[in-house]
>>> print(open('upload-v2.txt').read())   # compact mmCIF, C-alpha atoms and all ligand atoms
# COMPACT_ATOMS: atom_id res chain seq x y z
CA MET A 1 0.00 0.00 0.00
CA LEU A 2 1.27 3.45 -0.94
CA THR A 3 1.28 6.25 1.63
CA GLN A 4 -1.67 8.44 0.66
CA ILE A 5 -0.92 12.07 -0.14
CA ILE A 6 -3.54 14.44 1.26
CA ALA A 7 -3.45 18.05 0.11
CA HIS A 8 -3.71 20.39 3.10
CA ARG A 9 -6.28 23.14 2.41
CA GLY A 10 -5.75 22.08 -1.22
CA SER A 11 -2.32 22.82 -2.69
CA LYS A 12 -1.79 25.47 0.00
CA GLY A 13 1.89 25.90 -0.79
CA THR A 14 1.27 27.06 -4.35
CA ARG A 15 -2.32 28.44 -4.39
CA PRO A 16 -4.55 30.53 -2.08
CA GLU A 17 -5.53 28.05 0.65
CA ASN A 18 -9.03 26.56 0.80
CA THR A 19 -10.12 28.00 -2.55
CA LEU A 20 -11.32 26.27 -5.71
CA PRO A 21 -7.98 26.93 -7.54
CA SER A 22 -6.21 25.28 -4.60
CA PHE A 23 -8.38 22.15 -4.76
CA GLN A 24 -8.10 22.01 -8.56
CA ALA A 25 -4.29 22.20 -8.30
CA ALA A 26 -4.29 19.41 -5.69
CA LEU A 27 -6.01 17.09 -8.16
CA GLN A 28 -3.51 18.03 -10.90
CA ASP A 29 -0.61 17.54 -8.46
CA GLY A 30 -1.62 13.90 -7.98
CA ALA A 31 -3.06 14.12 -4.46
CA ASP A 32 -5.00 11.07 -3.26
CA GLY A 33 -6.98 13.20 -0.89
CA ILE A 34 -7.99 16.69 0.06
CA GLU A 35 -8.11 18.15 3.54
CA THR A 36 -10.20 21.22 4.28
CA ASP A 37 -11.90 23.15 7.07
CA VAL A 38 -15.54 24.11 7.58
CA HIS A 39 -17.22 26.90 9.59
CA LEU A 40 -20.77 28.26 9.79
CA SER A 41 -21.83 31.71 8.53
CA LYS A 42 -24.26 34.02 10.34
CA ASP A 43 -27.08 32.83 8.07
CA GLY A 44 -26.29 29.11 8.47
CA HIS A 45 -24.15 28.30 5.40
CA LEU A 46 -21.26 25.83 5.53
CA ILE A 47 -18.18 27.87 4.63
CA ILE A 48 -14.77 26.54 3.60
CA ILE A 49 -12.04 28.57 5.28
CA HIS A 50 -9.39 27.88 7.91
CA ASP A 51 -9.51 30.72 10.45
CA GLU A 52 -12.49 31.83 12.53
CA LYS A 53 -11.95 35.29 11.00
CA VAL A 54 -11.56 36.36 7.38
CA ASP A 55 -8.76 38.83 8.20
CA ARG A 56 -5.67 36.77 7.31
CA THR A 57 -6.74 35.29 3.98
CA THR A 58 -9.07 37.93 2.51
CA ASN A 59 -9.41 41.70 2.12
CA GLY A 60 -12.18 41.74 4.74
CA LYS A 61 -12.46 41.77 8.51
CA GLY A 62 -14.55 39.93 11.04
CA ARG A 63 -15.69 36.51 12.17
CA ILE A 64 -17.39 34.05 9.81
CA MET A 65 -20.18 33.67 12.38
CA ASP A 66 -20.94 37.42 12.15
CA LEU A 67 -21.04 37.56 8.32
CA THR A 68 -23.70 36.35 5.89
CA LEU A 69 -22.91 34.28 2.82
CA ALA A 70 -23.55 37.34 0.61
CA GLU A 71 -21.06 39.38 2.67
CA LEU A 72 -18.46 36.60 2.56
CA LYS A 73 -18.87 36.26 -1.21
CA ARG A 74 -17.96 39.92 -1.72
CA LEU A 75 -14.48 39.31 -0.26
CA ASP A 76 -11.36 38.55 -2.25
CA ALA A 77 -9.71 35.34 -1.05
CA GLY A 78 -6.95 35.20 -3.67
CA ALA A 79 -5.07 38.52 -3.88
CA THR A 80 -3.47 38.27 -0.41
CA PHE A 81 -1.68 35.11 -1.57
CA ASP A 82 -0.79 36.51 -5.01
CA PRO A 83 -2.43 39.27 -7.11
CA VAL A 84 -2.64 36.72 -9.94
CA TYR A 85 -5.51 35.12 -7.99
CA ALA A 86 -7.46 38.35 -7.40
CA GLY A 87 -11.19 37.76 -7.66
CA THR A 88 -11.05 34.27 -6.12
CA ARG A 89 -13.93 33.81 -3.68
CA ILE A 90 -14.35 31.93 -0.41
CA PRO A 91 -16.15 28.70 -1.40
CA THR A 92 -19.06 26.97 0.31
CA LEU A 93 -18.86 23.27 1.14
CA ASP A 94 -21.30 22.58 -1.70
CA GLU A 95 -19.09 24.39 -4.24
CA VAL A 96 -16.08 22.31 -3.23
CA VAL A 97 -18.07 19.08 -3.36
CA GLN A 98 -19.45 19.98 -6.82
CA LEU A 99 -15.92 20.67 -8.09
CA LEU A 100 -14.79 17.23 -6.88
CA VAL A 101 -17.85 15.49 -8.28
CA LYS A 102 -17.28 17.14 -11.70
CA ALA A 103 -13.62 16.06 -11.59
CA LYS A 104 -14.80 12.48 -10.86
CA PHE A 105 -12.69 12.50 -7.69
CA THR A 106 -12.78 9.18 -5.87
CA GLY A 107 -10.10 9.81 -3.23
CA ILE A 108 -10.31 10.91 0.39
CA PHE A 109 -12.19 14.05 1.34
CA ASN A 110 -11.01 14.94 4.84
CA LEU A 111 -13.37 17.52 6.27
CA GLU A 112 -12.20 19.13 9.50
CA LEU A 113 -14.93 20.71 11.58
CA LYS A 114 -13.34 23.86 12.97
CA THR A 115 -15.32 23.81 16.17
CA ASN A 116 -12.55 23.88 18.77
CA LYS A 117 -12.57 27.68 19.23
CA ILE A 118 -16.20 28.45 18.33
CA HIS A 119 -18.73 25.68 18.96
CA TYR A 120 -21.04 26.55 16.04
CA ASP A 121 -24.52 25.57 17.10
CA GLY A 122 -25.86 22.73 14.92
CA ILE A 123 -22.93 22.51 12.48
CA GLU A 124 -22.64 18.72 12.89
CA ALA A 125 -26.31 18.20 11.97
CA LEU A 126 -25.96 20.51 8.94
CA VAL A 127 -22.89 18.66 7.66
CA ALA A 128 -24.49 15.23 8.20
CA ASP A 129 -27.70 16.43 6.54
CA TYR A 130 -25.73 17.77 3.56
CA PHE A 131 -23.94 14.48 2.92
CA ASN A 132 -27.04 12.41 3.61
CA HIS A 133 -28.72 14.33 0.77
CA HIS A 134 -25.70 14.46 -1.58
CA PRO A 135 -24.28 11.01 -2.28
CA VAL A 136 -20.63 11.49 -3.30
CA PRO A 137 -18.19 9.28 -5.24
CA PHE A 138 -15.34 9.95 -2.82
CA LYS A 139 -14.49 8.73 0.68
CA LEU A 140 -15.57 11.05 3.45
CA VAL A 141 -13.23 11.30 6.45
CA TYR A 142 -14.15 13.62 9.28
CA SER A 143 -11.77 15.10 11.81
CA SER A 144 -11.88 17.78 14.48
CA PHE A 145 -9.84 19.10 17.40
CA TYR A 146 -13.14 19.21 19.29
CA PRO A 147 -14.04 15.63 20.31
CA LYS A 148 -17.72 16.49 20.88
CA SER A 149 -18.07 17.28 17.15
CA ILE A 150 -16.68 13.85 16.30
CA GLU A 151 -19.04 12.14 18.74
CA ARG A 152 -22.09 14.08 17.48
CA LEU A 153 -21.30 13.38 13.82
CA HIS A 154 -20.61 9.75 14.53
CA ALA A 155 -24.10 9.42 16.01
CA LEU A 156 -25.61 11.06 12.90
CA GLN A 157 -23.48 9.36 10.23
CA PRO A 158 -22.10 6.13 11.68
CA ASP A 159 -20.92 4.88 8.26
CA ALA A 160 -18.44 7.70 7.63
CA GLU A 161 -14.82 7.44 8.72
CA PHE A 162 -13.69 9.47 11.70
CA ASP A 163 -10.12 10.33 12.54
CA SER A 164 -8.93 12.17 15.56
CA LEU A 165 -6.83 15.28 15.32
CA PHE A 166 -4.75 15.96 18.29
CA GLU A 167 -1.81 17.98 19.45
CA THR A 168 -1.51 16.94 23.07
CA LYS A 169 -4.84 15.29 23.91
CA PHE A 170 -3.57 11.82 23.16
CA LYS A 171 -5.73 10.41 25.97
CA THR A 172 -8.95 11.55 24.30
CA ALA A 173 -7.82 10.05 21.01
CA LYS A 174 -7.08 6.74 22.74
CA ARG A 175 -10.52 6.68 24.40
CA LEU A 176 -12.35 7.41 21.12
CA HIS A 177 -10.31 4.73 19.38
CA ALA A 178 -11.12 2.20 22.11
CA GLU A 179 -14.82 3.10 21.75
CA HIS A 180 -14.54 2.53 17.96
CA VAL A 181 -15.59 6.11 17.26
CA ILE A 182 -12.34 6.96 15.48
CA ILE A 183 -10.29 4.77 13.18
CA GLY A 184 -7.05 6.66 12.87
CA TYR A 185 -4.98 9.54 14.16
CA HIS A 186 -4.02 12.73 12.40
CA PRO A 187 -1.22 14.00 14.67
CA ASP A 188 1.25 16.82 14.26
CA ILE A 189 4.38 15.43 12.53
CA ARG A 190 6.53 17.02 15.28
CA TRP A 191 4.59 14.98 17.86
CA VAL A 192 5.03 11.83 15.78
CA ARG A 193 8.78 12.35 15.63
CA ARG A 194 9.00 12.86 19.42
CA HIS A 195 6.75 9.90 20.30
CA TRP A 196 7.85 7.56 17.56
CA LEU A 197 8.55 4.60 19.85
CA LEU A 198 5.26 5.01 21.75
CA LEU A 199 3.07 5.18 18.70
CA PRO A 200 0.14 2.78 18.74
CA LYS A 201 -0.55 0.56 15.75
CA VAL A 202 -3.24 2.73 14.23
CA GLN A 203 -3.76 4.35 10.86
CA LEU A 204 -1.57 7.46 10.93
CA ARG A 205 -1.78 10.52 8.69
CA PRO A 206 0.45 13.23 10.18
CA TRP A 207 0.32 16.94 9.32
CA THR A 208 1.80 19.20 8.10
CA VAL A 209 4.47 17.24 6.26
CA ASN A 210 6.19 19.85 4.11
CA THR A 211 9.91 19.07 4.13
CA GLU A 212 11.54 16.32 2.09
CA ARG A 213 12.99 14.99 5.34
CA ASP A 214 9.55 14.57 6.93
CA MET A 215 8.09 13.14 3.72
CA ARG A 216 10.88 10.56 3.53
CA PHE A 217 10.24 9.64 7.19
CA CYS A 218 6.52 8.99 6.46
CA TYR A 219 7.33 6.96 3.32
CA ARG A 220 10.05 4.96 5.02
CA HIS A 221 7.67 3.93 7.80
CA ARG A 222 4.81 3.37 5.33
CA PHE A 223 2.34 5.54 7.22
CA ALA A 224 -1.20 5.32 5.90
CA GLY A 225 -0.97 8.91 4.72
CA LEU A 226 0.57 12.32 5.08
CA ILE A 227 -1.07 15.73 4.95
CA THR A 228 0.96 18.31 3.05
CA ASP A 229 0.86 21.81 1.56
CA TYR A 230 2.97 20.45 -1.34
CA PRO A 231 1.24 17.42 -2.88
CA GLY A 232 3.25 17.80 -6.11
CA LEU A 233 6.56 17.47 -4.30
CA ALA A 234 5.18 14.64 -2.13
CA HIS A 235 4.09 12.79 -5.25
CA ARG A 236 7.46 13.07 -7.00
CA LEU A 237 9.20 11.82 -3.87
CA ARG A 238 6.77 8.94 -3.40
CA VAL A 239 7.43 7.74 -6.95
CA LYS A 240 11.15 7.56 -6.04
CA MET A 241 10.67 5.89 -2.64
CA GLN A 242 7.58 3.72 -3.00
CA GLY A 243 7.46 3.37 -6.78
CA GLY A 244 4.08 4.99 -7.42
O1 LIG B 301 -5.86 18.09 9.37
C1 LIG B 301 -4.65 18.51 9.80
C2 LIG B 301 -4.49 20.00 9.91
O2 LIG B 301 -5.33 20.60 8.97
C3 LIG B 301 -4.81 20.55 11.26
O3 LIG B 301 -4.34 21.83 11.45
O4 LIG B 301 -4.60 24.24 11.69
O5 LIG B 301 -4.07 23.30 9.48
O6 LIG B 301 -6.32 23.00 10.41
P1 LIG B 301 -4.86 23.13 10.71
CA CA B 302 -7.41 21.58 8.94
>>> encode(input="upload-v2.txt", output="structure tokens")
Amino acid sequence: MLTQIIAHRGSKGTRPENTLPSFQAALQDGADGIETDVHLSKDGHLIIIHDEKVDRTTNGKGRIMDLTLAELKRLDAGATFDPVYAGTRIPTLDEVVQLLVKAKFTGIFNLELKTNKIHYDGIEALVADYFNHHPVPFKLVYSSFYPKSIERLHALQPDAEFDSLFETKFKTAKRLHAEHVIIGYHPDIRWVRRHWLLLPKVQLRPWTVNTERDMRFCYRHRFAGLITDYPGLAHRLRVKMQGG
């Protein structure tokens, strides 16, 4: 089995993160999967963006939860990365899913519920409802730094795959794994390197694996996957080390 390459916020290293051009590039770069983050707008839309605020990645200001979809759509989510991408918009979950469906994507879609800082009321039910009404050709993998989101979604969509994200809360991850709520771990690569000898025999997909040294480490140990801002580089290296 090859180590799966999962594009972090799309091809974040070479495109404006969490935008349609970034997801398109990830597919062209040979990624086996896409990782992305979801929040909830003021008027209840599922919005694809990393931060709780729009300030860092767009020309706007404010929290997603205080802005409507129409207000979010007026913002430029490309020019901050590079003026070449001016006019790029913040996508909704549905727009990203439609792009993947059109591209006939059958890989892993790792949706992270960004609920650890703001516990968006009802976001788990909205996400489950969306996927229950939109059958997709790809594999849905949920993750979150907020274990309650994982538990709520698991109750609503028991057939999806759940993986635990953690930085230090290894105990919570172990409990959820023992309870068969989560299948695998998505730990910080720095944590993996420090705890290498203690690592349990679970499916591992560390983040954010951006250096050749860290990529080689993941390939050498045949981890299930790696999450990277540079899927193109990861792919070229995997061909050399794992032959595909
Ligand atoms: O899924 C791994 C990674 O995305 C978690 O960190 O901050 O990039 O969402 P972050
Ligand atoms: Ca994420």
>>> closest_residue(input="upload-v2.txt", among="A:Ile34, A:Leu93, A:Ala7, A:Leu27", to="Leu126 of chain A", atoms="only C-alpha atoms")
A:Leu93
>>> residues_near_point(input="upload-v2.txt", point="(-14.0, 18.6, 7.7)", cutoff="12 Å", atoms="all atoms listed in the file", output="ChimeraX atom specification")
/A:8-9,18,34-40,46-50,93,96-97,108-115,123-124,127-128,131,140-146,149-150,153,160-165
>>> write_last_selection(input="upload-v2.txt", atoms="C-alpha atoms", output="PDB file, in the frame of the given file")
ATOM      1  CA  HIS A   8      -3.710  20.390   3.100  1.00  0.00           C
ATOM      2  CA  ARG A   9      -6.280  23.140   2.410  1.00  0.00           C
ATOM      3  CA  ASN A  18      -9.030  26.560   0.800  1.00  0.00           C
ATOM      4  CA  ILE A  34      -7.990  16.690   0.060  1.00  0.00           C
ATOM      5  CA  GLU A  35      -8.110  18.150   3.540  1.00  0.00           C
ATOM      6  CA  THR A  36     -10.200  21.220   4.280  1.00  0.00           C
ATOM      7  CA  ASP A  37     -11.900  23.150   7.070  1.00  0.00           C
ATOM      8  CA  VAL A  38     -15.540  24.110   7.580  1.00  0.00           C
ATOM      9  CA  HIS A  39     -17.220  26.900   9.590  1.00  0.00           C
ATOM     10  CA  LEU A  40     -20.770  28.260   9.790  1.00  0.00           C
ATOM     11  CA  LEU A  46     -21.260  25.830   5.530  1.00  0.00           C
ATOM     12  CA  ILE A  47     -18.180  27.870   4.630  1.00  0.00           C
ATOM     13  CA  ILE A  48     -14.770  26.540   3.600  1.00  0.00           C
ATOM     14  CA  ILE A  49     -12.040  28.570   5.280  1.00  0.00           C
ATOM     15  CA  HIS A  50      -9.390  27.880   7.910  1.00  0.00           C
ATOM     16  CA  LEU A  93     -18.860  23.270   1.140  1.00  0.00           C
ATOM     17  CA  VAL A  96     -16.080  22.310  -3.230  1.00  0.00           C
ATOM     18  CA  VAL A  97     -18.070  19.080  -3.360  1.00  0.00           C
ATOM     19  CA  ILE A 108     -10.310  10.910   0.390  1.00  0.00           C
ATOM     20  CA  PHE A 109     -12.190  14.050   1.340  1.00  0.00           C
ATOM     21  CA  ASN A 110     -11.010  14.940   4.840  1.00  0.00           C
ATOM     22  CA  LEU A 111     -13.370  17.520   6.270  1.00  0.00           C
ATOM     23  CA  GLU A 112     -12.200  19.130   9.500  1.00  0.00           C
ATOM     24  CA  LEU A 113     -14.930  20.710  11.580  1.00  0.00           C
ATOM     25  CA  LYS A 114     -13.340  23.860  12.970  1.00  0.00           C
ATOM     26  CA  THR A 115     -15.320  23.810  16.170  1.00  0.00           C
ATOM     27  CA  ILE A 123     -22.930  22.510  12.480  1.00  0.00           C
ATOM     28  CA  GLU A 124     -22.640  18.720  12.890  1.00  0.00           C
ATOM     29  CA  VAL A 127     -22.890  18.660   7.660  1.00  0.00           C
ATOM     30  CA  ALA A 128     -24.490  15.230   8.200  1.00  0.00           C
ATOM     31  CA  PHE A 131     -23.940  14.480   2.920  1.00  0.00           C
ATOM     32  CA  LEU A 140     -15.570  11.050   3.450  1.00  0.00           C
ATOM     33  CA  VAL A 141     -13.230  11.300   6.450  1.00  0.00           C
ATOM     34  CA  TYR A 142     -14.150  13.620   9.280  1.00  0.00           C
ATOM     35  CA  SER A 143     -11.770  15.100  11.810  1.00  0.00           C
ATOM     36  CA  SER A 144     -11.880  17.780  14.480  1.00  0.00           C
ATOM     37  CA  PHE A 145      -9.840  19.100  17.400  1.00  0.00           C
ATOM     38  CA  TYR A 146     -13.140  19.210  19.290  1.00  0.00           C
ATOM     39  CA  SER A 149     -18.070  17.280  17.150  1.00  0.00           C
ATOM     40  CA  ILE A 150     -16.680  13.850  16.300  1.00  0.00           C
ATOM     41  CA  LEU A 153     -21.300  13.380  13.820  1.00  0.00           C
ATOM     42  CA  ALA A 160     -18.440   7.700   7.630  1.00  0.00           C
ATOM     43  CA  GLU A 161     -14.820   7.440   8.720  1.00  0.00           C
ATOM     44  CA  PHE A 162     -13.690   9.470  11.700  1.00  0.00           C
ATOM     45  CA  ASP A 163     -10.120  10.330  12.540  1.00  0.00           C
ATOM     46  CA  SER A 164      -8.930  12.170  15.560  1.00  0.00           C
ATOM     47  CA  LEU A 165      -6.830  15.280  15.320  1.00  0.00           C
TER      48      LEU A 165
END
>>> residues_near_point(input="upload-v2.txt", point="(-0.9, 15.7, 1.0)", cutoff="10 Å", atoms="all atoms listed in the file", output="JSON, numbers by chain")
{"A": [3, 4, 5, 6, 7, 8, 9, 10, 11, 12, 26, 29, 30, 31, 32, 33, 34, 35, 205, 206, 207, 208, 209, 210, 215, 225, 226, 227, 228, 229, 230, 231, 232, 233, 234, 235]}
>>> closest_residue(input="upload-v2.txt", among="A:Gly62, A:Leu69, A:Gly107, A:Asn116", to="ligand CA 302 (chain B)", atoms="all atoms listed in the file")
A:Asn116
>>> closest_residue(input="upload-v2.txt", among="A:Ala155, A:Lys171, A:Pro147, A:Ala224", to="Gln203 of chain A", atoms="all atoms listed in the file")
A:Ala224
>>> closest_residue(input="upload-v2.txt", among="A:Gln242, A:Val54, A:Pro16, A:Gln28", to="Val84 of chain A", atoms="all atoms listed in the file")
A:Pro16
>>> atom_distance(input="upload-v2.txt", atom1="atom CA of Asp82 of chain A", atom2="atom CA of Ala70 of chain A")
23.5 Å
>>> atom_distance(input="upload-v2.txt", atom1="atom O6 of ligand LIG 301 (chain B)", atom2="atom CA of Lys102 of chain A")
25.4 Å
>>> axis_aligned_box(input="upload-v2.txt", around="segment 88-92 of chain A", padding_each_side="3 Å", output="JSON")
{"center_x": -15.1, "center_y": 30.6, "center_z": -2.9, "size_x": 14.0, "size_y": 13.3, "size_z": 12.4}
>>> atom_distance(input="upload-v2.txt", atom1="atom CA of Glu52 of chain A", atom2="atom CA of Asp94 of chain A")
19.1 Å
>>> closest_residue(input="upload-v2.txt", among="A:His186, A:Arg15, A:Glu71, A:Lys104", to="ligand CA 302 (chain B)", atoms="all atoms listed in the file")
A:His186
>>> closest_residue(input="upload-v2.txt", among="A:Ala79, A:Leu100, A:Glu17, A:Tyr130", to="ligand CA 302 (chain B)", atoms="all atoms listed in the file")
A:Glu17
>>> residues_around(input="upload-v2.txt", residues="Arg213 of chain A", least_positions_apart="5", cutoff="12 Å", atoms="all atoms listed in the file", output="MDAnalysis selection string")
chainID A and resid 189 193 218:220 233:234 237
>>> write_last_selection(input="upload-v2.txt", atoms="C-alpha atoms", output="PDB file, in the frame of the given file")
ATOM      1  CA  ILE A 189       4.380  15.430  12.530  1.00  0.00           C
ATOM      2  CA  ARG A 193       8.780  12.350  15.630  1.00  0.00           C
ATOM      3  CA  CYS A 218       6.520   8.990   6.460  1.00  0.00           C
ATOM      4  CA  TYR A 219       7.330   6.960   3.320  1.00  0.00           C
ATOM      5  CA  ARG A 220      10.050   4.960   5.020  1.00  0.00           C
ATOM      6  CA  LEU A 233       6.560  17.470  -4.300  1.00  0.00           C
ATOM      7  CA  ALA A 234       5.180  14.640  -2.130  1.00  0.00           C
ATOM      8  CA  LEU A 237       9.200  11.820  -3.870  1.00  0.00           C
TER       9      LEU A 237
END
>>> decode(input="upload-v2.txt", residues="segment 42-59 of chain A", atoms="N, CA, C and O atoms", output="compact mmCIF listing (two decimals), in the first residue's frame")
# COMPACT_ATOMS: atom_id res chain seq x y z
N LYS A 42 -23.19 33.45 9.52
CA LYS A 42 -24.26 34.02 10.34
C LYS A 42 -25.63 33.48 9.92
O LYS A 42 -26.51 33.24 10.74
N ASP A 43 -25.79 33.29 8.58
CA ASP A 43 -27.08 32.83 8.07
C ASP A 43 -27.08 31.31 7.80
O ASP A 43 -27.87 30.82 6.98
N GLY A 44 -26.19 30.57 8.47
CA GLY A 44 -26.29 29.11 8.47
C GLY A 44 -25.74 28.39 7.25
O GLY A 44 -26.14 27.26 6.97
N HIS A 45 -24.77 29.00 6.53
CA HIS A 45 -24.15 28.30 5.40
C HIS A 45 -22.82 27.68 5.82
O HIS A 45 -22.10 28.25 6.65
N LEU A 46 -22.51 26.53 5.22
CA LEU A 46 -21.26 25.83 5.53
C LEU A 46 -20.16 26.44 4.65
O LEU A 46 -20.21 26.34 3.41
N ILE A 47 -19.19 27.06 5.31
CA ILE A 47 -18.18 27.87 4.63
C ILE A 47 -16.81 27.23 4.76
O ILE A 47 -16.38 26.84 5.85
N ILE A 48 -16.10 27.16 3.61
CA ILE A 48 -14.77 26.54 3.60
C ILE A 48 -13.70 27.62 3.78
O ILE A 48 -13.44 28.44 2.88
N ILE A 49 -13.09 27.60 4.94
CA ILE A 49 -12.04 28.57 5.28
C ILE A 49 -11.34 28.02 6.53
O ILE A 49 -11.94 27.22 7.26
N HIS A 50 -10.10 28.43 6.75
CA HIS A 50 -9.39 27.88 7.91
C HIS A 50 -9.64 28.63 9.21
O HIS A 50 -9.99 28.04 10.23
N ASP A 51 -9.44 29.96 9.20
CA ASP A 51 -9.51 30.72 10.45
C ASP A 51 -10.96 31.03 10.82
O ASP A 51 -11.84 31.03 9.97
N GLU A 52 -11.16 31.40 12.08
CA GLU A 52 -12.49 31.83 12.53
C GLU A 52 -12.83 33.20 11.95
O GLU A 52 -13.99 33.57 11.85
N LYS A 53 -11.77 33.96 11.58
CA LYS A 53 -11.95 35.29 11.00
C LYS A 53 -11.48 35.29 9.55
O LYS A 53 -10.61 34.49 9.18
N VAL A 54 -11.97 36.28 8.79
CA VAL A 54 -11.56 36.36 7.38
C VAL A 54 -10.30 37.20 7.21
O VAL A 54 -9.74 37.28 6.10
N ASP A 55 -9.83 37.81 8.28
CA ASP A 55 -8.76 38.83 8.20
C ASP A 55 -7.46 38.38 7.51
O ASP A 55 -6.88 39.12 6.73
N ARG A 56 -6.99 37.20 7.82
CA ARG A 56 -5.67 36.77 7.31
C ARG A 56 -5.68 36.43 5.83
O ARG A 56 -4.73 36.75 5.11
N THR A 57 -6.77 35.82 5.36
CA THR A 57 -6.74 35.29 3.98
C THR A 57 -7.55 36.11 2.98
O THR A 57 -7.53 35.79 1.78
N THR A 58 -8.28 37.13 3.46
CA THR A 58 -9.07 37.93 2.51
C THR A 58 -8.83 39.43 2.74
O THR A 58 -8.11 39.81 3.66
N ASN A 59 -9.52 40.24 1.94
CA ASN A 59 -9.41 41.70 2.12
C ASN A 59 -10.47 42.23 3.09
O ASN A 59 -10.69 43.43 3.18
